[in-house]
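A.B. asks: What follows is a single structure, and I will ask about it in a moment.
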Amino acid sequence: MKCPICGDTLTPSKKNPDYMLCHSCRKKFRIPEKHTTAPAKTAPARTEPVSSDEDDDVEFHFRYANIPPKEVRDKREREMKKAYDDMLSVEEEKVSKAPIIILAIAIIVVAAVIVYMLLK
């Protein structure tokens with residue numbers, strides 16, 4: 001069986017016989033149901049071409065072990081976009097001016113006491 005990404009040969013996994021490993025691109029692929037007993041020399045099974053409503057391009061879908069279904073990917077993408085928008089919409093917290101005013105008054109009082117002590 002050939003790797004659909006790089007075209008190198010896939011070897012059966014020692015840990016799980018349901019997967020084939022590509023050592024050049026470091027990916028693992030699920031073996032199609034009909035090839036579970038012995039690795040074949042063909043590419044992974046393709047489904048029928050599907051045309052999406054968003055664009056008229058024709059896509060072929062492979063069954064990879066490490067890619068979640070489209071619904072899951074879309075849901076996660078919406079969550080990430082919402083979190084990113086929420087992060088950008090956070091306004092800076094308004095700092096109270098009261099501590100700065102108190103500090104300025106304290107500095108003026110200390111300076112006045114020092115001047116009074118020096119002139120006396």
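Going through the structure tokens in order, the chains are called A, B, and so on, while each chain numbers its residues from 1 and the ligands are numbered from 1 in the order shown.
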Contacts of A:Thr11 at 7 Å or less, counting only C-alpha atoms, minus same-chain residues fewer than 2 places along, as a ChimeraX atom specification?
C.D. replies: /A:9,13,20-22
A.B. asks: Take the residues that were just selected and, keeping C-alpha atoms, output them as an mmCIF file, in the first residue's frame.
C.D. replies:
```cif
data_model
loop_
_atom_site.group_PDB
_atom_site.id
_atom_site.type_symbol
_atom_site.label_atom_id
_atom_site.label_comp_id
_atom_site.auth_asym_id
_atom_site.auth_seq_id
_atom_site.Cartn_x
_atom_site.Cartn_y
_atom_site.Cartn_z
ATOM 1 C CA THR A 9 5.293 2.329 1.023
ATOM 2 C CA SER A 13 1.779 -1.127 12.737
ATOM 3 C CA MET A 20 -0.474 1.320 8.434
ATOM 4 C CA LEU A 21 2.513 3.613 9.070
ATOM 5 C CA CYS A 22 4.443 5.856 6.671
#
```
A.B. asks: Applying 9 Å and only C-alpha atoms, which residues near A:Asp8 remain after dropping the ones on its own chain fewer than 3 positions away? List them as a list in words.
C.D. replies: Met1, Lys2, Cys3, Pro4, Ile5, Cys22, His23, Ser24 and Cys25 of chain A
A.B. asks: Of the candidates A:Tyr19, A:Arg26, A:Met87, A:Ile101, which one gets nearest to A:Ala65 if we count only C-alpha atoms?
C.D. replies: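 Of A:Tyr19, A:Arg26, A:Met87, A:Ile101, the one nearest A:Ala65, counting only C-alpha atoms, is A:Tyr19.
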